[in-house]
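Okay, start.pdb now, which holds PDB, C-alpha atoms and all ligand atoms:
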```pdb
ATOM      1  CA  MET A  29      44.784 108.497  53.374  1.00  0.00           C
ATOM      2  CA  GLU A  30      44.110 108.726  49.644  1.00  0.00           C
ATOM      3  CA  SER A  31      40.791 109.835  48.272  1.00  0.00           C
ATOM      4  CA  PRO A  32      38.556 107.080  46.900  1.00  0.00           C
ATOM      5  CA  GLU A  33      38.891 108.754  43.499  1.00  0.00           C
ATOM      6  CA  THR A  34      42.690 108.485  43.562  1.00  0.00           C
ATOM      7  CA  GLN A  35      42.569 104.847  44.622  1.00  0.00           C
ATOM      8  CA  ALA A  36      40.053 104.174  41.836  1.00  0.00           C
ATOM      9  CA  ARG A  37      42.390 105.836  39.301  1.00  0.00           C
ATOM     10  CA  ILE A  38      45.290 103.634  40.403  1.00  0.00           C
ATOM     11  CA  ILE A  39      43.162 100.483  40.219  1.00  0.00           C
ATOM     12  CA  GLU A  40      41.847 101.499  36.792  1.00  0.00           C
ATOM     13  CA  ALA A  41      45.392 102.164  35.519  1.00  0.00           C
ATOM     14  CA  ILE A  42      46.606  98.793  36.809  1.00  0.00           C
ATOM     15  CA  ARG A  43      43.643  96.979  35.241  1.00  0.00           C
ATOM     16  CA  ARG A  44      44.267  98.760  31.934  1.00  0.00           C
ATOM     17  CA  LYS A  45      47.831  97.390  31.824  1.00  0.00           C
ATOM     18  CA  VAL A  46      47.210  94.093  33.632  1.00  0.00           C
ATOM     19  CA  PRO A  47      43.597  92.983  33.226  1.00  0.00           C
ATOM     20  CA  VAL A  48      44.146  89.879  35.345  1.00  0.00           C
ATOM     21  CA  ILE A  49      46.836  89.833  38.001  1.00  0.00           C
ATOM     22  CA  GLY A  50      48.393  86.391  38.159  1.00  0.00           C
ATOM     23  CA  PRO A  51      48.722  84.385  41.348  1.00  0.00           C
ATOM     24  CA  CYS A  52      51.266  85.384  43.974  1.00  0.00           C
ATOM     25  CA  MET A  53      54.693  84.048  43.031  1.00  0.00           C
ATOM     26  CA  VAL A  54      55.311  83.013  46.649  1.00  0.00           C
ATOM     27  CA  CYS A  55      52.061  81.367  47.836  1.00  0.00           C
ATOM     28  CA  ARG A  56      49.934  81.188  44.636  1.00  0.00           C
ATOM     29  CA  SER A  57      47.057  83.124  46.265  1.00  0.00           C
ATOM     30  CA  SER A  58      45.199  85.614  44.085  1.00  0.00           C
ATOM     31  CA  ASP A  59      44.127  87.858  46.956  1.00  0.00           C
ATOM     32  CA  PHE A  60      46.056  91.124  46.507  1.00  0.00           C
ATOM     33  CA  GLN A  61      45.139  94.451  48.079  1.00  0.00           C
ATOM     34  CA  LEU A  62      46.238  97.920  46.939  1.00  0.00           C
ATOM     35  CA  VAL A  63      48.041  99.909  49.635  1.00  0.00           C
ATOM     36  CA  ASP A  64      46.275 103.163  50.517  1.00  0.00           C
ATOM     37  CA  GLY A  65      48.801 105.719  49.243  1.00  0.00           C
ATOM     38  CA  ILE A  66      51.919 105.465  47.097  1.00  0.00           C
ATOM     39  CA  VAL A  67      55.413 104.173  47.793  1.00  0.00           C
ATOM     40  CA  LYS A  68      58.503 106.148  46.734  1.00  0.00           C
ATOM     41  CA  ILE A  69      61.456 103.829  46.400  1.00  0.00           C
ATOM     42  CA  ALA A  70      64.703 105.772  46.817  1.00  0.00           C
ATOM     43  CA  VAL A  71      67.236 105.529  43.987  1.00  0.00           C
ATOM     44  CA  GLN A  72      70.855 106.374  44.731  1.00  0.00           C
ATOM     45  CA  PRO A  73      74.288 105.603  43.309  1.00  0.00           C
ATOM     46  CA  THR A  74      76.130 102.568  44.637  1.00  0.00           C
ATOM     47  CA  THR A  75      78.912 104.885  45.776  1.00  0.00           C
ATOM     48  CA  GLN A  76      76.546 106.708  48.150  1.00  0.00           C
ATOM     49  CA  ARG A  77      76.866 105.735  51.799  1.00  0.00           C
ATOM     50  CA  GLY A  78      73.786 106.047  53.986  1.00  0.00           C
ATOM     51  CA  VAL A  79      70.380 107.265  52.917  1.00  0.00           C
ATOM     52  CA  VAL A  80      69.916 110.283  50.639  1.00  0.00           C
ATOM     53  CA  LEU A  81      66.796 112.285  51.467  1.00  0.00           C
ATOM     54  CA  GLY A  82      65.114 114.196  48.662  1.00  0.00           C
ATOM     55  CA  GLY A  83      66.856 112.286  45.868  1.00  0.00           C
ATOM     56  CA  PRO A  84      65.204 110.607  42.881  1.00  0.00           C
ATOM     57  CA  THR A  85      62.570 107.982  43.547  1.00  0.00           C
ATOM     58  CA  LEU A  86      60.588 105.335  41.743  1.00  0.00           C
ATOM     59  CA  PRO A  87      57.000 106.339  42.579  1.00  0.00           C
ATOM     60  CA  SER A  88      54.974 103.170  42.815  1.00  0.00           C
ATOM     61  CA  ALA A  89      51.660 101.615  43.672  1.00  0.00           C
ATOM     62  CA  ALA A  90      52.022  98.653  46.033  1.00  0.00           C
ATOM     63  CA  LEU A  91      49.957  95.481  45.935  1.00  0.00           C
ATOM     64  CA  VAL A  92      50.210  93.228  48.997  1.00  0.00           C
ATOM     65  CA  CYS A  93      49.321  89.531  48.953  1.00  0.00           C
ATOM     66  CA  GLN A  94      46.830  89.065  51.770  1.00  0.00           C
ATOM     67  CA  THR A  95      48.008  85.514  52.410  1.00  0.00           C
ATOM     68  CA  CYS A  96      51.808  85.762  52.632  1.00  0.00           C
ATOM     69  CA  GLY A  97      52.600  89.490  52.480  1.00  0.00           C
ATOM     70  CA  ASN A  98      54.536  89.376  49.222  1.00  0.00           C
ATOM     71  CA  THR A  99      54.503  92.962  47.924  1.00  0.00           C
ATOM     72  CA  ILE A 100      54.547  94.009  44.281  1.00  0.00           C
ATOM     73  CA  PHE A 101      55.497  97.552  43.239  1.00  0.00           C
ATOM     74  CA  LEU A 102      54.102  99.008  39.992  1.00  0.00           C
ATOM     75  CA  ASN A 103      55.724 102.178  38.661  1.00  0.00           C
ATOM     76  CA  LEU A 104      53.185 105.039  38.535  1.00  0.00           C
ATOM     77  CA  ILE A 105      54.906 106.664  35.556  1.00  0.00           C
ATOM     78  CA  VAL A 106      54.624 103.494  33.495  1.00  0.00           C
ATOM     79  CA  LEU A 107      50.990 103.227  34.598  1.00  0.00           C
ATOM     80  CA  GLY A 108      50.419 106.721  33.157  1.00  0.00           C
ATOM     81  CA  LEU A 109      49.881 108.374  36.547  1.00  0.00           C
ATOM     82  CA  LEU A 110      52.731 110.869  36.519  1.00  0.00           C
ATOM     83  CA  ASP A 111      50.549 113.474  38.237  1.00  0.00           C
ATOM     84  CA  LEU A 112      50.259 111.228  41.297  1.00  0.00           C
ATOM     85  CA  ALA A 113      54.028 110.868  41.473  1.00  0.00           C
ATOM     86  CA  GLY A 114      54.618 114.514  42.408  1.00  0.00           C
ATOM     87  CA  GLY A 115      57.276 116.867  41.113  1.00  0.00           C
ATOM     88  CA  GLU A 116      60.209 114.855  42.360  1.00  0.00           C
ATOM     89  CA  ALA A 117      59.621 111.826  40.184  1.00  0.00           C
ATOM     90  CA  ALA A 118      62.209 110.558  37.776  1.00  0.00           C
ATOM     91  CA  PRO A 119      61.465 111.319  34.111  1.00  0.00           C
ATOM     92  CA  ALA A 120      59.474 108.846  32.080  1.00  0.00           C
ATOM     93  CA  PRO A 121      61.539 106.011  30.656  1.00  0.00           C
ATOM     94  CA  GLU A 122      63.011 106.652  27.226  1.00  0.00           C
ATOM     95  CA  LYS A 123      64.593 103.250  26.806  1.00  0.00           C
ATOM     96  CA  GLU A 124      63.452  99.816  27.813  1.00  0.00           C
ATOM     97  CA  ILE A 125      65.734  97.294  29.426  1.00  0.00           C
ATOM     98  CA  GLY A 126      65.468  93.538  29.274  1.00  0.00           C
ATOM     99  CA  GLN A 127      64.027  91.375  32.005  1.00  0.00           C
ATOM    100  CA  SER A 128      67.458  90.019  32.820  1.00  0.00           C
ATOM    101  CA  ASP A 129      68.702  93.459  33.806  1.00  0.00           C
ATOM    102  CA  THR A 130      68.510  94.007  37.549  1.00  0.00           C
ATOM    103  CA  VAL A 131      69.952  97.497  37.946  1.00  0.00           C
ATOM    104  CA  ALA A 132      67.444 100.120  39.082  1.00  0.00           C
ATOM    105  CA  ASN A 133      67.887 103.452  37.329  1.00  0.00           C
ATOM    106  CA  PRO A 134      65.453 106.357  37.462  1.00  0.00           C
ATOM    107  CA  GLN A 135      65.736 106.767  33.697  1.00  0.00           C
ATOM    108  CA  GLU A 136      65.263 103.046  33.080  1.00  0.00           C
ATOM    109  CA  PRO A 137      62.704 101.607  35.498  1.00  0.00           C
ATOM    110  CA  LEU A 138      62.628  97.835  35.700  1.00  0.00           C
ATOM    111  CA  ARG A 139      59.922  96.081  33.736  1.00  0.00           C
TER     112      ARG A 139
HETATM  113 ZN    ZN B 201      51.330  85.353  48.604  1.00  0.00          ZN
END
```
In structure tokens, what does this structure look like?
Amino acid sequence: MESPETQARIIEAIRRKVPVIGPCMVCRSSDFQLVDGIVKIAVQPTTQRGVVLGGPTLPSAALVCQTCGNTIFLNLIVLGLLDLAGGEAAPAPEKEIGQSDTVANPQEPLR
């Protein structure tokens, strides 16, 4: 699906931010594989019923544990890969939120 160059860029960006990925939080395996392509997680207000197509997304790279299937999503904007996110991506974060915050917001991606 993706070119080998694009996959290599994603892997390089992840390694730049996270030189060593820790063990899976579910099964403790260290065998993760990058999904071929990106994942766009839809962001919509809590008042919205149903699925909104074409709304803001959190463009992400996905790493899947090859033992248990646990999937980790890493925001492409935070990884510095805005160009891979396409024109519909939410703007880069201007404000950080704490780890205890659990509300997804396109302006404040979770860390
Ligand atoms: Zn696992």
Quick one: residues within 9 Å of ligand ZN 201 (chain B), with all atoms listed in the file, as a ChimeraX atom specification?
/A:51-60,92-99
From the set A:Ile100, A:Gly83, A:Val63, A:Thr75, which residue has the shortest atom-to-atom contact distance to Glu30 of chain A, counting all atoms listed in the file?
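Of A:Ile100, A:Gly83, A:Val63, A:Thr75, the one nearest Glu30 of chain A, counting all atoms listed in the file, is A:Val63.
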Each segment 84-121 of chain A residue no farther than 8 Å from segment 33-48 of chain A, nearest pair in Å, all atoms listed in the file, as JSON lines:
```
{"residue": "A:Ala89", "atom": "CA", "partner": "A:Ile38", "partner_atom": "CA", "distance": 7.4}
{"residue": "A:Leu107", "atom": "CA", "partner": "A:Ala41", "partner_atom": "CA", "distance": 5.8}
{"residue": "A:Gly108", "atom": "CA", "partner": "A:Ala41", "partner_atom": "CA", "distance": 7.2}
{"residue": "A:Leu109", "atom": "CA", "partner": "A:Ile38", "partner_atom": "CA", "distance": 7.6}
```
Record the distance separating atom CA of Pro84 of chain A and atom CA of Ser31 of chain A, expressed in Å with one decimal.
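Here the two named atoms are 25.0 Å from each other.
The coordinates place atom CA of Leu81 of chain A at 19.3 Å from atom CA of Gly65 of chain A.
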Go ahead and find all residues with at least one atom no further than 6 Å from (54.4, 100.3, 40.7) in the file's coordinates, using only C-alpha atoms; report them as a list in words.
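Using only C-alpha atoms, the matching residues come out as Ser88, Ala89, Phe101, Leu102, Asn103 and Leu104 of chain A.
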Can I get a file of segment 56-106 of chain A from the given structure, N, CA and C atoms kept, as a PDB file, in the first residue's frame?
```pdb
ATOM      1  N   ARG A  56       3.389  -8.046  27.368  1.00  0.00           N
ATOM      2  CA  ARG A  56       4.816  -7.837  27.642  1.00  0.00           C
ATOM      3  C   ARG A  56       5.723  -8.243  26.480  1.00  0.00           C
ATOM      4  N   SER A  57       5.174  -8.619  25.328  1.00  0.00           N
ATOM      5  CA  SER A  57       5.998  -8.926  24.163  1.00  0.00           C
ATOM      6  C   SER A  57       6.606  -7.629  23.639  1.00  0.00           C
ATOM      7  N   SER A  58       7.715  -7.742  22.936  1.00  0.00           N
ATOM      8  CA  SER A  58       8.321  -6.565  22.311  1.00  0.00           C
ATOM      9  C   SER A  58       8.256  -6.641  20.799  1.00  0.00           C
ATOM     10  N   ASP A  59       7.389  -7.488  20.278  1.00  0.00           N
ATOM     11  CA  ASP A  59       7.290  -7.713  18.840  1.00  0.00           C
ATOM     12  C   ASP A  59       6.135  -6.894  18.258  1.00  0.00           C
ATOM     13  N   PHE A  60       6.433  -5.639  17.880  1.00  0.00           N
ATOM     14  CA  PHE A  60       5.427  -4.770  17.275  1.00  0.00           C
ATOM     15  C   PHE A  60       5.712  -4.632  15.786  1.00  0.00           C
ATOM     16  N   GLN A  61       4.638  -4.490  14.999  1.00  0.00           N
ATOM     17  CA  GLN A  61       4.803  -4.287  13.566  1.00  0.00           C
ATOM     18  C   GLN A  61       4.009  -3.056  13.141  1.00  0.00           C
ATOM     19  N   LEU A  62       4.630  -2.223  12.297  1.00  0.00           N
ATOM     20  CA  LEU A  62       3.968  -1.026  11.773  1.00  0.00           C
ATOM     21  C   LEU A  62       2.953  -1.430  10.706  1.00  0.00           C
ATOM     22  N   VAL A  63       1.735  -0.910  10.831  1.00  0.00           N
ATOM     23  CA  VAL A  63       0.703  -1.152   9.825  1.00  0.00           C
ATOM     24  C   VAL A  63       1.083  -0.443   8.532  1.00  0.00           C
ATOM     25  N   ASP A  64       0.858  -1.085   7.412  1.00  0.00           N
ATOM     26  CA  ASP A  64       1.166  -0.522   6.100  1.00  0.00           C
ATOM     27  C   ASP A  64       0.075   0.478   5.726  1.00  0.00           C
ATOM     28  N   GLY A  65       0.360   1.772   5.934  1.00  0.00           N
ATOM     29  CA  GLY A  65      -0.628   2.819   5.708  1.00  0.00           C
ATOM     30  C   GLY A  65      -0.821   3.595   7.003  1.00  0.00           C
ATOM     31  N   ILE A  66      -1.725   4.579   6.966  1.00  0.00           N
ATOM     32  CA  ILE A  66      -1.993   5.356   8.175  1.00  0.00           C
ATOM     33  C   ILE A  66      -3.434   5.133   8.608  1.00  0.00           C
ATOM     34  N   VAL A  67      -3.706   5.491   9.860  1.00  0.00           N
ATOM     35  CA  VAL A  67      -5.049   5.367  10.418  1.00  0.00           C
ATOM     36  C   VAL A  67      -5.534   6.769  10.736  1.00  0.00           C
ATOM     37  N   LYS A  68      -6.756   7.114  10.317  1.00  0.00           N
ATOM     38  CA  LYS A  68      -7.333   8.416  10.640  1.00  0.00           C
ATOM     39  C   LYS A  68      -8.483   8.205  11.608  1.00  0.00           C
ATOM     40  N   ILE A  69      -8.227   8.555  12.854  1.00  0.00           N
ATOM     41  CA  ILE A  69      -9.220   8.371  13.903  1.00  0.00           C
ATOM     42  C   ILE A  69     -10.155   9.571  13.877  1.00  0.00           C
ATOM     43  N   ALA A  70     -11.455   9.311  13.685  1.00  0.00           N
ATOM     44  CA  ALA A  70     -12.431  10.392  13.589  1.00  0.00           C
ATOM     45  C   ALA A  70     -12.603  11.081  14.936  1.00  0.00           C
ATOM     46  N   VAL A  71     -12.694  12.414  14.891  1.00  0.00           N
ATOM     47  CA  VAL A  71     -12.943  13.218  16.086  1.00  0.00           C
ATOM     48  C   VAL A  71     -14.262  13.946  15.866  1.00  0.00           C
ATOM     49  N   GLN A  72     -15.182  13.817  16.810  1.00  0.00           N
ATOM     50  CA  GLN A  72     -16.465  14.494  16.666  1.00  0.00           C
ATOM     51  C   GLN A  72     -16.995  14.869  18.033  1.00  0.00           C
ATOM     52  N   PRO A  73     -17.871  15.892  18.082  1.00  0.00           N
ATOM     53  CA  PRO A  73     -18.402  16.318  19.372  1.00  0.00           C
ATOM     54  C   PRO A  73     -19.281  15.241  19.998  1.00  0.00           C
ATOM     55  N   THR A  74     -19.351  15.248  21.309  1.00  0.00           N
ATOM     56  CA  THR A  74     -20.162  14.247  22.013  1.00  0.00           C
ATOM     57  C   THR A  74     -21.639  14.391  21.681  1.00  0.00           C
ATOM     58  N   THR A  75     -22.029  15.574  21.219  1.00  0.00           N
ATOM     59  CA  THR A  75     -23.440  15.796  20.893  1.00  0.00           C
ATOM     60  C   THR A  75     -23.810  15.220  19.537  1.00  0.00           C
ATOM     61  N   GLN A  76     -22.814  14.806  18.752  1.00  0.00           N
ATOM     62  CA  GLN A  76     -23.068  14.289  17.408  1.00  0.00           C
ATOM     63  C   GLN A  76     -23.539  12.846  17.477  1.00  0.00           C
ATOM     64  N   ARG A  77     -24.668  12.575  16.859  1.00  0.00           N
ATOM     65  CA  ARG A  77     -25.161  11.196  16.762  1.00  0.00           C
ATOM     66  C   ARG A  77     -24.654  10.614  15.456  1.00  0.00           C
ATOM     67  N   GLY A  78     -24.317   9.338  15.461  1.00  0.00           N
ATOM     68  CA  GLY A  78     -23.859   8.676  14.248  1.00  0.00           C
ATOM     69  C   GLY A  78     -22.434   9.062  13.913  1.00  0.00           C
ATOM     70  N   VAL A  79     -22.033   8.699  12.713  1.00  0.00           N
ATOM     71  CA  VAL A  79     -20.661   8.924  12.261  1.00  0.00           C
ATOM     72  C   VAL A  79     -20.629  10.103  11.297  1.00  0.00           C
ATOM     73  N   VAL A  80     -19.693  11.032  11.517  1.00  0.00           N
ATOM     74  CA  VAL A  80     -19.518  12.174  10.635  1.00  0.00           C
ATOM     75  C   VAL A  80     -18.403  11.845   9.653  1.00  0.00           C
ATOM     76  N   LEU A  81     -18.724  11.862   8.361  1.00  0.00           N
ATOM     77  CA  LEU A  81     -17.712  11.614   7.341  1.00  0.00           C
ATOM     78  C   LEU A  81     -17.091  12.937   6.923  1.00  0.00           C
ATOM     79  N   GLY A  82     -15.781  12.944   6.751  1.00  0.00           N
ATOM     80  CA  GLY A  82     -15.103  14.152   6.291  1.00  0.00           C
ATOM     81  C   GLY A  82     -14.792  15.145   7.391  1.00  0.00           C
ATOM     82  N   GLY A  83     -15.019  14.795   8.645  1.00  0.00           N
ATOM     83  CA  GLY A  83     -14.720  15.686   9.754  1.00  0.00           C
ATOM     84  C   GLY A  83     -13.252  15.605  10.138  1.00  0.00           C
ATOM     85  N   PRO A  84     -12.868  16.284  11.210  1.00  0.00           N
ATOM     86  CA  PRO A  84     -11.470  16.259  11.646  1.00  0.00           C
ATOM     87  C   PRO A  84     -11.052  14.862  12.088  1.00  0.00           C
ATOM     88  N   THR A  85      -9.765  14.589  11.921  1.00  0.00           N
ATOM     89  CA  THR A  85      -9.244  13.278  12.305  1.00  0.00           C
ATOM     90  C   THR A  85      -7.926  13.444  13.050  1.00  0.00           C
ATOM     91  N   LEU A  86      -7.542  12.407  13.729  1.00  0.00           N
ATOM     92  CA  LEU A  86      -6.212  12.308  14.318  1.00  0.00           C
ATOM     93  C   LEU A  86      -5.438  11.343  13.426  1.00  0.00           C
ATOM     94  N   PRO A  87      -4.624  11.873  12.495  1.00  0.00           N
ATOM     95  CA  PRO A  87      -3.867  10.986  11.610  1.00  0.00           C
ATOM     96  C   PRO A  87      -2.773  10.283  12.399  1.00  0.00           C
ATOM     97  N   SER A  88      -2.722   8.978  12.277  1.00  0.00           N
ATOM     98  CA  SER A  88      -1.823   8.218  13.147  1.00  0.00           C
ATOM     99  C   SER A  88      -1.135   7.075  12.426  1.00  0.00           C
ATOM    100  N   ALA A  89       0.041   6.731  12.943  1.00  0.00           N
ATOM    101  CA  ALA A  89       0.689   5.478  12.581  1.00  0.00           C
ATOM    102  C   ALA A  89       0.229   4.451  13.610  1.00  0.00           C
ATOM    103  N   ALA A  90       0.041   3.213  13.170  1.00  0.00           N
ATOM    104  CA  ALA A  90      -0.424   2.164  14.083  1.00  0.00           C
ATOM    105  C   ALA A  90       0.628   1.079  14.207  1.00  0.00           C
ATOM    106  N   LEU A  91       0.926   0.729  15.462  1.00  0.00           N
ATOM    107  CA  LEU A  91       1.833  -0.379  15.749  1.00  0.00           C
ATOM    108  C   LEU A  91       1.003  -1.479  16.390  1.00  0.00           C
ATOM    109  N   VAL A  92       1.114  -2.698  15.847  1.00  0.00           N
ATOM    110  CA  VAL A  92       0.318  -3.823  16.342  1.00  0.00           C
ATOM    111  C   VAL A  92       1.234  -4.853  16.989  1.00  0.00           C
ATOM    112  N   CYS A  93       0.926  -5.219  18.225  1.00  0.00           N
ATOM    113  CA  CYS A  93       1.659  -6.285  18.911  1.00  0.00           C
ATOM    114  C   CYS A  93       1.364  -7.588  18.173  1.00  0.00           C
ATOM    115  N   GLN A  94       2.425  -8.276  17.785  1.00  0.00           N
ATOM    116  CA  GLN A  94       2.255  -9.502  17.000  1.00  0.00           C
ATOM    117  C   GLN A  94       1.902 -10.714  17.862  1.00  0.00           C
ATOM    118  N   THR A  95       1.871 -10.519  19.168  1.00  0.00           N
ATOM    119  CA  THR A  95       1.497 -11.621  20.057  1.00  0.00           C
ATOM    120  C   THR A  95       0.024 -11.547  20.455  1.00  0.00           C
ATOM    121  N   CYS A  96      -0.421 -10.348  20.888  1.00  0.00           N
ATOM    122  CA  CYS A  96      -1.795 -10.253  21.412  1.00  0.00           C
ATOM    123  C   CYS A  96      -2.690  -9.325  20.599  1.00  0.00           C
ATOM    124  N   GLY A  97      -2.132  -8.542  19.682  1.00  0.00           N
ATOM    125  CA  GLY A  97      -2.956  -7.665  18.859  1.00  0.00           C
ATOM    126  C   GLY A  97      -3.163  -6.279  19.428  1.00  0.00           C
ATOM    127  N   ASN A  98      -2.668  -6.012  20.616  1.00  0.00           N
ATOM    128  CA  ASN A  98      -2.764  -4.672  21.178  1.00  0.00           C
ATOM    129  C   ASN A  98      -2.231  -3.683  20.137  1.00  0.00           C
ATOM    130  N   THR A  99      -2.969  -2.598  19.902  1.00  0.00           N
ATOM    131  CA  THR A  99      -2.598  -1.640  18.870  1.00  0.00           C
ATOM    132  C   THR A  99      -2.354  -0.276  19.487  1.00  0.00           C
ATOM    133  N   ILE A 100      -1.221   0.313  19.113  1.00  0.00           N
ATOM    134  CA  ILE A 100      -0.821   1.624  19.612  1.00  0.00           C
ATOM    135  C   ILE A 100      -0.902   2.610  18.447  1.00  0.00           C
ATOM    136  N   PHE A 101      -1.496   3.780  18.682  1.00  0.00           N
ATOM    137  CA  PHE A 101      -1.597   4.803  17.654  1.00  0.00           C
ATOM    138  C   PHE A 101      -0.687   5.975  18.010  1.00  0.00           C
ATOM    139  N   LEU A 102       0.172   6.373  17.075  1.00  0.00           N
ATOM    140  CA  LEU A 102       1.087   7.498  17.279  1.00  0.00           C
ATOM    141  C   LEU A 102       0.714   8.599  16.298  1.00  0.00           C
ATOM    142  N   ASN A 103       0.451   9.793  16.841  1.00  0.00           N
ATOM    143  CA  ASN A 103      -0.028  10.912  16.032  1.00  0.00           C
ATOM    144  C   ASN A 103       1.048  11.373  15.044  1.00  0.00           C
ATOM    145  N   LEU A 104       0.714  11.391  13.753  1.00  0.00           N
ATOM    146  CA  LEU A 104       1.682  11.758  12.714  1.00  0.00           C
ATOM    147  C   LEU A 104       2.127  13.209  12.826  1.00  0.00           C
ATOM    148  N   ILE A 105       1.259  14.079  13.313  1.00  0.00           N
ATOM    149  CA  ILE A 105       1.625  15.493  13.440  1.00  0.00           C
ATOM    150  C   ILE A 105       2.693  15.646  14.514  1.00  0.00           C
ATOM    151  N   VAL A 106       2.490  14.965  15.624  1.00  0.00           N
ATOM    152  CA  VAL A 106       3.478  15.020  16.713  1.00  0.00           C
ATOM    153  C   VAL A 106       4.790  14.394  16.258  1.00  0.00           C
TER     154      VAL A 106
END
```
